[in-house]
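For reference, upload11.txt (compact mmCIF, C-alpha atoms):
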# COMPACT_ATOMS: atom_id res chain seq x y z
CA MET A 1 -22.10 -39.89 -56.06
CA ILE A 2 -22.59 -43.10 -54.12
CA ARG A 3 -22.83 -46.61 -55.59
CA SER A 4 -26.64 -46.72 -55.82
CA GLU A 5 -26.64 -43.48 -57.85
CA ILE A 6 -24.07 -44.98 -60.23
CA LEU A 7 -26.14 -48.15 -60.58
CA LYS A 8 -29.23 -46.08 -61.39
CA GLU A 9 -27.32 -44.19 -64.03
CA ILE A 10 -25.81 -47.27 -65.71
CA ALA A 11 -28.94 -49.48 -65.39
CA PRO A 12 -29.92 -48.88 -69.06
CA ILE A 13 -26.47 -50.13 -70.15
CA LEU A 14 -26.54 -53.12 -67.79
CA ARG A 15 -30.05 -54.17 -68.81
CA ASP A 16 -28.95 -55.84 -72.06
CA GLN A 17 -25.84 -57.50 -70.66
CA LEU A 18 -25.00 -60.48 -68.47
CA VAL A 19 -24.19 -59.02 -65.06
CA VAL A 20 -22.58 -60.76 -62.08
CA CYS A 21 -23.22 -58.59 -59.04
CA ASN A 22 -21.30 -58.54 -55.79
CA ILE A 23 -22.65 -59.80 -52.47
CA GLY A 24 -24.58 -57.64 -50.04
CA ILE A 25 -25.87 -54.14 -50.60
CA PRO A 26 -24.63 -53.87 -54.25
CA SER A 27 -26.85 -56.80 -55.25
CA GLN A 28 -29.74 -55.46 -53.17
CA GLU A 29 -29.41 -52.08 -54.87
CA LEU A 30 -29.24 -53.52 -58.39
CA HIS A 31 -32.14 -55.86 -57.66
CA ALA A 32 -34.30 -52.96 -56.41
CA ILE A 33 -33.27 -50.56 -59.20
CA ASP A 34 -33.70 -52.88 -62.18
CA ASP A 35 -34.17 -56.59 -61.57
CA GLN A 36 -33.41 -58.57 -64.73
CA PRO A 37 -33.03 -62.29 -65.45
CA THR A 38 -29.64 -61.36 -66.91
CA ASN A 39 -28.48 -60.37 -63.40
CA PHE A 40 -26.74 -62.97 -61.26
CA TYR A 41 -26.99 -61.85 -57.65
CA MET A 42 -24.42 -63.16 -55.22
CA LEU A 43 -26.07 -63.86 -51.88
CA GLY A 44 -22.85 -64.93 -50.20
CA THR A 45 -19.18 -65.67 -50.89
CA MET A 46 -17.48 -62.29 -50.65
CA GLY A 47 -14.74 -61.76 -53.21
CA LEU A 48 -15.72 -64.07 -56.02
CA ALA A 49 -17.78 -61.82 -58.34
CA SER A 50 -14.75 -61.18 -60.56
CA SER A 51 -13.92 -64.90 -60.72
CA ILE A 52 -17.49 -65.97 -61.52
CA GLY A 53 -17.67 -63.30 -64.22
CA LEU A 54 -14.37 -64.38 -65.77
CA GLY A 55 -15.43 -68.04 -65.81
CA LEU A 56 -18.70 -67.05 -67.47
CA ALA A 57 -16.96 -64.86 -70.06
CA LEU A 58 -14.50 -67.62 -70.93
CA ALA A 59 -17.29 -70.21 -71.24
CA GLN A 60 -19.47 -68.35 -73.76
CA ASP A 61 -19.35 -65.39 -76.18
CA LYS A 62 -21.80 -62.80 -74.81
CA PRO A 63 -20.47 -59.75 -72.99
CA VAL A 64 -20.21 -60.13 -69.21
CA ILE A 65 -19.94 -57.33 -66.65
CA SER A 66 -18.90 -58.13 -63.10
CA ILE A 67 -19.83 -55.43 -60.62
CA ASP A 68 -17.36 -55.72 -57.79
CA GLY A 69 -16.23 -53.57 -54.88
CA ASP A 70 -12.82 -52.48 -53.64
CA GLY A 71 -13.15 -54.49 -50.42
CA SER A 72 -14.19 -57.61 -52.31
CA VAL A 73 -11.35 -57.33 -54.81
CA LEU A 74 -8.91 -56.90 -51.92
CA THR A 75 -10.16 -60.14 -50.36
CA ASN A 76 -9.51 -62.02 -53.64
CA LEU A 77 -6.54 -60.11 -55.01
CA GLY A 78 -5.31 -63.25 -56.78
CA THR A 79 -8.14 -62.73 -59.26
CA LEU A 80 -6.30 -59.91 -61.07
CA PRO A 81 -3.35 -62.01 -62.34
CA THR A 82 -5.80 -64.72 -63.40
CA ILE A 83 -7.84 -62.15 -65.34
CA ALA A 84 -4.71 -60.63 -66.90
CA ASN A 85 -3.37 -63.97 -68.07
CA ASN A 86 -6.65 -65.40 -69.39
CA VAL A 87 -7.88 -62.65 -71.67
CA ALA A 88 -11.61 -62.68 -72.43
CA ASP A 89 -12.47 -59.73 -74.66
CA ASN A 90 -16.13 -60.08 -73.74
CA TYR A 91 -15.33 -59.29 -70.10
CA VAL A 92 -15.57 -56.03 -68.17
CA LEU A 93 -14.69 -55.93 -64.48
CA LEU A 94 -16.29 -52.83 -62.97
CA ILE A 95 -14.85 -52.16 -59.53
CA ILE A 96 -16.95 -49.61 -57.70
CA ASP A 97 -14.30 -48.23 -55.39
CA ASN A 98 -15.85 -46.27 -52.56
CA GLY A 99 -12.90 -46.91 -50.27
CA SER A 100 -15.03 -48.73 -47.74
CA TYR A 101 -16.71 -51.98 -46.77
CA GLY A 102 -20.21 -50.72 -47.51
CA SER A 103 -22.28 -53.72 -46.43
CA THR A 104 -20.70 -53.93 -42.99
CA GLY A 105 -20.85 -50.32 -41.83
CA ASP A 106 -18.54 -48.38 -44.16
CA GLN A 107 -15.29 -49.30 -42.46
CA PRO A 108 -12.40 -47.92 -44.57
CA THR A 109 -10.52 -50.27 -46.95
CA TYR A 110 -6.86 -49.91 -47.91
CA ALA A 111 -8.06 -48.93 -51.42
CA GLY A 112 -9.37 -45.76 -49.82
CA ARG A 113 -5.96 -45.06 -48.32
CA LYS A 114 -2.62 -45.75 -50.04
CA THR A 115 -3.47 -48.69 -52.32
CA SER A 116 -4.46 -48.04 -55.94
CA LEU A 117 -6.43 -50.96 -57.39
CA ALA A 118 -5.88 -49.56 -60.90
CA ALA A 119 -2.12 -49.67 -60.34
CA VAL A 120 -2.42 -53.19 -58.88
CA ALA A 121 -4.42 -54.34 -61.92
CA GLU A 122 -1.83 -52.87 -64.27
CA ALA A 123 1.02 -54.47 -62.32
CA CYS A 124 -0.81 -57.81 -62.57
CA GLY A 125 -0.72 -57.48 -66.35
CA CYS A 126 -4.23 -56.31 -67.17
CA ASP A 127 -3.85 -54.50 -70.51
CA ARG A 128 -6.80 -52.15 -70.40
CA VAL A 129 -7.32 -50.51 -67.01
CA ILE A 130 -9.32 -47.30 -66.69
CA GLU A 131 -9.79 -45.33 -63.50
CA CYS A 132 -12.67 -42.90 -63.66
CA GLN A 133 -14.77 -40.67 -61.47
CA ALA A 134 -18.29 -41.80 -60.59
CA GLU A 135 -19.94 -39.31 -62.96
CA ASP A 136 -18.12 -40.81 -65.99
CA THR A 137 -18.93 -44.49 -65.28
CA GLY A 138 -21.66 -44.84 -67.92
CA LYS A 139 -19.51 -43.39 -70.66
CA VAL A 140 -16.46 -45.48 -69.72
CA LEU A 141 -18.53 -48.66 -69.40
CA GLN A 142 -20.19 -48.16 -72.80
CA GLU A 143 -16.78 -47.52 -74.37
CA ALA A 144 -15.42 -50.71 -72.82
CA LEU A 145 -18.31 -52.73 -74.26
CA ASP A 146 -17.90 -51.10 -77.67
CA ALA A 147 -14.14 -51.69 -77.67
CA LYS A 148 -14.67 -55.46 -77.29
CA LYS A 149 -11.44 -55.57 -75.27
CA MET A 150 -11.20 -56.96 -71.77
CA THR A 151 -11.34 -53.96 -69.47
CA VAL A 152 -10.93 -53.33 -65.78
CA ILE A 153 -12.70 -50.14 -64.68
CA VAL A 154 -11.97 -48.67 -61.27
CA CYS A 155 -14.74 -46.20 -60.55
CA LYS A 156 -13.92 -43.87 -57.67
CA CYS A 157 -16.99 -42.79 -55.75
CA GLU A 158 -18.24 -41.74 -52.34
CA SER A 159 -18.98 -44.13 -49.54
CA GLY A 160 -22.60 -44.80 -48.67
CA ASN A 161 -25.52 -47.15 -49.18
CA ALA A 162 -29.14 -46.83 -50.25
CA LYS A 163 -31.72 -48.55 -48.02
CA MET A 164 -32.94 -51.51 -50.06
CA PRO A 165 -34.71 -54.73 -49.10
CA VAL A 166 -32.85 -58.02 -48.75
CA ILE A 167 -33.15 -60.26 -51.83
CA THR A 168 -35.57 -63.07 -51.05
CA LEU A 169 -35.31 -64.84 -54.41
CA ASP A 170 -34.21 -68.44 -53.97
CA PRO A 171 -30.61 -68.95 -55.17
CA VAL A 172 -31.64 -71.80 -57.45
CA VAL A 173 -34.23 -69.52 -59.07
CA ILE A 174 -31.61 -66.78 -59.54
CA LYS A 175 -29.29 -69.29 -61.19
CA HIS A 176 -31.98 -70.95 -63.29
CA ARG A 177 -33.35 -67.79 -64.84
CA PHE A 178 -29.81 -66.47 -65.34
CA MET A 179 -28.75 -69.63 -67.18
CA GLU A 180 -31.86 -69.41 -69.36
CA ALA A 181 -30.91 -65.80 -70.19
CA VAL A 182 -27.36 -66.91 -71.03
CA GLN A 183 -28.66 -69.55 -73.41
CA LYS A 184 -31.14 -67.25 -75.18
CA ALA A 185 -30.00 -66.28 -78.65
CA MET B 1 -2.14 -98.20 -66.39
CA ASN B 2 -1.34 -94.51 -66.79
CA ILE B 3 -3.72 -92.97 -64.25
CA ASP B 4 -3.00 -89.41 -65.37
CA LYS B 5 -4.18 -90.30 -68.86
CA LYS B 6 -7.14 -92.35 -67.61
CA ILE B 7 -8.39 -89.44 -65.45
CA THR B 8 -8.01 -86.99 -68.33
CA ASP B 9 -9.70 -89.35 -70.79
CA ASP B 10 -12.65 -89.71 -68.41
CA LEU B 11 -12.94 -85.94 -68.04
CA VAL B 12 -13.01 -85.52 -71.83
CA ALA B 13 -15.46 -88.41 -72.29
CA ASN B 14 -17.81 -86.71 -69.80
CA ASP B 15 -17.57 -83.40 -71.65
CA VAL B 16 -15.64 -81.67 -68.88
CA SER B 17 -14.07 -78.80 -70.78
CA PHE B 18 -13.13 -76.25 -68.10
CA VAL B 19 -10.63 -77.30 -65.46
CA THR B 20 -8.97 -75.12 -62.86
CA THR B 21 -6.01 -76.30 -60.84
CA VAL B 22 -3.92 -75.39 -57.83
CA PRO B 23 -0.89 -77.64 -57.99
CA CYS B 24 0.36 -80.43 -55.74
CA LYS B 25 3.41 -82.60 -56.36
CA GLN B 26 1.17 -85.66 -56.62
CA LEU B 27 -1.05 -83.95 -59.19
CA ALA B 28 1.75 -82.74 -61.47
CA GLY B 29 1.28 -85.53 -64.01
CA VAL B 30 -2.47 -85.15 -64.37
CA ILE B 31 -2.16 -81.35 -64.57
CA ASP B 32 0.38 -81.72 -67.41
CA GLU B 33 -1.94 -84.14 -69.19
CA ILE B 34 -4.92 -81.78 -68.86
CA ASP B 35 -2.85 -78.82 -70.03
CA ALA B 36 -1.87 -80.73 -73.16
CA ARG B 37 -5.42 -81.63 -74.20
CA ASP B 38 -7.21 -79.41 -76.72
CA GLU B 39 -10.64 -80.47 -75.48
CA ILE B 40 -10.03 -78.90 -72.04
CA PHE B 41 -9.54 -75.23 -71.22
CA HIS B 42 -7.05 -75.25 -68.35
CA ILE B 43 -7.02 -72.18 -66.12
CA PRO B 44 -4.68 -72.25 -63.13
CA SER B 45 -6.03 -70.49 -60.00
CA ASN B 46 -4.09 -68.67 -57.33
CA LYS B 47 -6.35 -69.97 -54.57
CA GLU B 48 -8.94 -72.70 -54.53
CA ASP B 49 -11.94 -70.50 -53.65
CA GLU B 50 -11.07 -68.33 -56.62
CA GLY B 51 -11.06 -71.52 -58.71
CA MET B 52 -14.52 -72.45 -57.46
CA GLY B 53 -15.73 -69.01 -58.53
CA LEU B 54 -14.32 -69.59 -62.02
CA CYS B 55 -16.05 -72.99 -62.12
CA ALA B 56 -19.36 -71.44 -61.04
CA GLY B 57 -19.14 -68.98 -63.93
CA ALA B 58 -18.19 -71.68 -66.42
CA HIS B 59 -21.09 -73.83 -65.25
CA MET B 60 -23.56 -70.99 -65.79
CA GLY B 61 -21.98 -70.38 -69.19
CA GLY B 62 -22.86 -73.94 -70.21
CA LYS B 63 -19.54 -75.73 -69.63
CA ARG B 64 -18.88 -78.65 -67.34
CA PRO B 65 -16.17 -77.58 -64.88
CA ALA B 66 -13.86 -79.44 -62.51
CA ILE B 67 -11.29 -78.42 -59.92
CA ILE B 68 -8.02 -80.14 -59.06
CA MET B 69 -6.45 -79.22 -55.73
CA GLN B 70 -4.88 -80.44 -52.50
CA ASN B 71 -6.89 -81.44 -49.42
CA THR B 72 -5.49 -78.42 -47.54
CA ALA B 73 -7.88 -76.47 -49.79
CA ILE B 74 -10.87 -77.82 -47.89
CA GLY B 75 -9.79 -75.49 -45.10
CA VAL B 76 -9.78 -72.60 -47.57
CA THR B 77 -13.03 -73.27 -49.40
CA ILE B 78 -15.69 -74.20 -46.84
CA ASN B 79 -17.51 -70.88 -47.15
CA THR B 80 -17.44 -71.04 -50.96
CA LEU B 81 -18.65 -74.64 -51.02
CA ALA B 82 -21.55 -73.81 -48.69
CA THR B 83 -22.64 -70.39 -49.97
CA LEU B 84 -21.91 -70.72 -53.70
CA THR B 85 -21.51 -74.28 -54.96
CA GLN B 86 -24.10 -75.89 -52.67
CA PHE B 87 -26.45 -72.91 -52.16
CA TYR B 88 -26.92 -72.43 -55.93
CA ARG B 89 -26.78 -76.19 -56.63
CA MET B 90 -23.78 -76.34 -58.91
CA PRO B 91 -22.02 -79.54 -59.97
CA LEU B 92 -18.31 -79.62 -59.16
CA PRO B 93 -16.07 -82.67 -59.26
CA MET B 94 -13.11 -82.00 -56.95
CA LEU B 95 -10.11 -84.20 -57.68
CA ILE B 96 -8.16 -83.83 -54.46
CA SER B 97 -4.64 -84.85 -53.62
CA TYR B 98 -5.03 -86.41 -50.16
CA ARG B 99 -1.80 -85.41 -48.48
CA GLY B 100 -0.93 -86.61 -45.00
CA GLU B 101 -2.08 -90.20 -45.55
CA LEU B 102 -0.01 -93.43 -45.70
CA ARG B 103 3.42 -92.90 -47.36
CA GLU B 104 3.37 -89.17 -46.58
CA PRO B 105 6.86 -87.80 -45.81
CA VAL B 106 5.82 -84.35 -44.49
CA ALA B 107 4.42 -84.33 -40.93
CA CYS B 108 2.52 -81.06 -41.26
CA GLN B 109 0.38 -82.53 -44.04
CA VAL B 110 -1.12 -84.95 -41.50
CA GLU B 111 -2.57 -82.03 -39.55
CA MET B 112 -5.10 -81.27 -42.32
CA ALA B 113 -5.45 -84.91 -43.36
CA VAL B 114 -7.02 -85.76 -39.99
CA HIS B 115 -9.72 -83.12 -40.58
CA THR B 116 -10.35 -83.70 -44.27
CA LYS B 117 -12.99 -86.44 -44.20
CA ALA B 118 -14.68 -84.96 -41.14
CA LEU B 119 -15.05 -81.58 -42.83
CA LEU B 120 -16.36 -83.13 -46.04
CA ALA B 121 -18.82 -85.22 -44.01
CA GLN B 122 -19.95 -82.13 -42.07
CA LEU B 123 -20.67 -80.45 -45.43
CA ASN B 124 -22.59 -83.52 -46.67
CA ILE B 125 -20.27 -83.71 -49.67
CA PRO B 126 -20.24 -87.16 -51.31
CA THR B 127 -16.67 -88.37 -50.85
CA TYR B 128 -14.67 -91.14 -52.54
CA HIS B 129 -11.19 -92.25 -51.51
CA PHE B 130 -8.80 -93.69 -54.12
CA HIS B 131 -6.13 -95.76 -52.36
CA GLU B 132 -5.28 -98.40 -54.95
CA GLN B 133 -4.65 -97.67 -58.63
CA ARG B 134 -7.62 -99.79 -59.66
CA ASP B 135 -9.91 -97.39 -57.75
CA VAL B 136 -9.58 -94.99 -60.68
CA GLU B 137 -12.04 -97.22 -62.56
CA GLU B 138 -14.84 -95.51 -60.59
CA PHE B 139 -13.84 -92.02 -61.76
CA ASP B 140 -16.07 -92.11 -64.84
CA MET B 141 -19.11 -93.07 -62.72
CA ILE B 142 -18.30 -90.40 -60.14
CA LEU B 143 -18.28 -87.72 -62.85
CA LYS B 144 -21.66 -88.89 -64.15
CA TYR B 145 -23.01 -88.92 -60.59
CA THR B 146 -21.75 -85.37 -59.96
CA TYR B 147 -23.49 -83.90 -63.00
CA MET B 148 -26.62 -85.92 -62.26
CA CYS B 149 -27.03 -84.54 -58.72
CA ASN B 150 -25.61 -80.99 -59.17
CA LYS B 151 -23.41 -81.18 -56.08
CA PRO B 152 -19.76 -80.77 -55.26
CA VAL B 153 -18.24 -84.24 -55.01
CA ALA B 154 -14.81 -85.02 -53.53
CA ILE B 155 -12.41 -87.63 -54.88
CA LEU B 156 -9.55 -88.00 -52.39
CA THR B 157 -6.46 -89.52 -53.97
CA ASP B 158 -3.69 -90.55 -51.58
CA ALA B 159 0.04 -91.15 -52.02
CA ASN B 160 -0.43 -94.90 -52.37
CA PHE B 161 -2.81 -94.29 -55.28
CA TRP B 162 -0.24 -92.09 -57.02
CA GLY B 163 2.61 -94.54 -56.38
CA GLY B 164 4.23 -93.01 -53.31
CA TYR B 165 7.24 -90.77 -52.92
CA GLY B 166 10.36 -92.57 -54.07
CA ASP B 167 11.54 -94.78 -51.19
CA GLN B 168 8.52 -94.08 -48.96
When written as structure tokens, how does the structure in this file appear?
Amino acid sequence: MIRSEILKEIAPILRDQLVVCNIGIPSQELHAIDDQPTNFYMLGTMGLASSIGLGLALAQDKPVISIDGDGSVLTNLGTLPTIANNVADNYVLLIIDNGSYGSTGDQPTYAGRKTSLAAVAEACGCDRVIECQAEDTGKVLQEALDAKKMTVIVCKCESGNAKMPVITLDPVVIKHRFMEAVQKA
Amino acid sequence: MNIDKKITDDLVANDVSFVTTVPCKQLAGVIDEIDARDEIFHIPSNKEDEGMGLCAGAHMGGKRPAIIMQNTAIGVTINTLATLTQFYRMPLPMLISYRGELREPVACQVEMAVHTKALLAQLNIPTYHFHEQRDVEEFDMILKYTYMCNKPVAILTDANFWGGYGDQ
């Protein structure tokens, strides 16, 4: 399975949650598969999806899912100790680990070679870290939401991208409708 | 006047309840003060762009955030300021220790100090420079201005403002 197939499969779970989605093709795929006001699409700033999601989870009570990638987590590796030491039980960090920089031409990342992001997350002090295969992502994600415990999921999948259009929504519109969704009871 | 307490009081009075910090010797007192206050959630960051990500999330979650960092961080955060904070129009007061100015003992700090205001100007970031202790009186107005205009705003605070380094 590639990332877009995973996103299609978990779209019904994501639909009711606040989602912070990583820059580039992941956001384009999610936007094309199931655009929701509860989705915050990153149009730039590689690496910060996990930080934005943590800030959001700490600032309010609703569940938050950050959809991140292995390359993006590697570029902001300092995020994992911050997550571990500031526990937000309404927070799930879903790292879709396809071992490559998908948006730039599928160049391999170190996570696809010797580095285990699950082991890094555990070493950083994250209490609940689950590595799963792509096919099990929906089940693991639903369990993480039901557990109401901060969870880092490392979902191992194949490299590859679906052809999706660039997001043309204005960033201020993305933010505005997302903040309205956050405030809704 | 205790400027650490004055800054923290102004943050609380302006409902700033989420503060991320990357430390600097000059900022130690204000970071301690913030950490001790129940009204503020203090979350240390490992890097300043990470901190700006946390602040972006807190802002969208309905909190008023702020970041406290050194001016060297301007070199680290330009992409984040342009593509996240400014692009999505997010308010962010940045209380910045302005190293490499008068009374600075470490030569290397001057190398980023000479670029700091130019970089902030290039980014069209409203910038204030606290040099005398009395300059802190504007802090309350700067916070109100930041949340009025939904922009990152820089407050550069130099060694003279903080009282210098011992015999310097």
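Of the residues under consideration (A:Ala59, A:Gly71, A:Asn161, A:Ile2), A:Ala59 shows the shortest atom-to-atom contact distance to Val16 (chain B) when counting only C-alpha atoms.
For Ala82 (chain B), the list of residues within 12 Å, based on all atoms listed in the file and with local chain neighbours fewer than 4 positions off taken out, reads Leu43, Gly44 and Thr45 of chain A; Asp49, Met52, Ile74, Val76, Thr77, Ile78, Gln86, Phe87, Tyr88, Arg89, Met90, Leu119, Leu120, Gln122, Leu123, Asn124, Ile125, Lys151 and Pro152 of chain B.
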Check your understanding: Could you pull the residues within 9 Å of His42 (chain B), counting all atoms listed in the file, minus those fewer than 2 positions along the same chain, as a count of residues only?
Key -> 12
Practice item. Tell me the residues of chain A close to chain B, meaning within 8 Å using all atoms listed in the file, as number ranges by chain. Key: A: 43-45, 48-49, 51-60, 76, 78-79, 82, 86, 171-172, 175, 178-179, 182-183
Check your understanding: What lies within 8 Å of Gln109 (chain B) using only C-alpha atoms, ignoring chain neighbours under 6 positions off, as a VMD selection string?
Key -> chain B and resid 72 99 to 100
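From CA of Pro126 (chain B) back to CA of Thr75 (chain A), the distance works out to 28.9 Å.
The coordinates place CA of Gly164 (chain B) at 11.1 Å from CA of Glu132 (chain B).
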With all atoms of region 43-49 of chain A from the file as input, state the centre and edge lengths in Å to one decimal of the axis-aligned box that has 4 Å extra on each side, as lines of an AutoDock Vina configuration file.
center_x = -20.4
center_y = -63.7
center_z = -54.3
size_x = 19.3
size_y = 11.9
size_z = 16.1
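The smallest atom-to-atom distance between Val64 (chain A) and any of A:Gln28, A:Thr151, A:Thr115, A:Gln17, using all atoms listed in the file, is found for A:Gln17.
In this structure, CA of Arg15 (chain A) sits 8.4 Å away from CA of Asn39 (chain A).
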Do you know which residues are at most 10 Å from Glu137 (chain B) counting only C-alpha atoms, after dropping those on the same chain fewer than 4 positions away, and could you put them as an mmCIF file with C-alpha atoms, keeping the file's coordinate frame?
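What ended up in around03.cif:
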data_model
loop_
_atom_site.group_PDB
_atom_site.id
_atom_site.type_symbol
_atom_site.label_atom_id
_atom_site.label_comp_id
_atom_site.auth_asym_id
_atom_site.auth_seq_id
_atom_site.Cartn_x
_atom_site.Cartn_y
_atom_site.Cartn_z
ATOM 1 C CA ILE B 3 -3.720 -92.970 -64.250
ATOM 2 C CA LYS B 6 -7.140 -92.350 -67.610
ATOM 3 C CA ILE B 7 -8.390 -89.440 -65.450
ATOM 4 C CA ASP B 10 -12.650 -89.710 -68.410
ATOM 5 C CA PHE B 130 -8.800 -93.690 -54.120
ATOM 6 C CA GLN B 133 -4.650 -97.670 -58.630
ATOM 7 C CA MET B 141 -19.110 -93.070 -62.720
ATOM 8 C CA ILE B 142 -18.300 -90.400 -60.140
#
Exercise for review: May I have the residues within 9 Å of Arg128 (chain A) as a ChimeraX atom specification, using all atoms listed in the file and disregarding those fewer than 2 positions away in the same chain?
Suggested key: /A:122,126,130,149-153
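Distance check against Ser103 (chain A) using all atoms listed in the file: of A:Asn90, A:Thr168, A:Ser66, A:Ser159, the minimum falls on A:Ser159.
Remark: for Gly29 (chain B), the closest of the candidate residues B:Tyr147, B:Tyr98, B:Trp162, B:Phe139 is B:Trp162 (distances computed over all atoms listed in the file).
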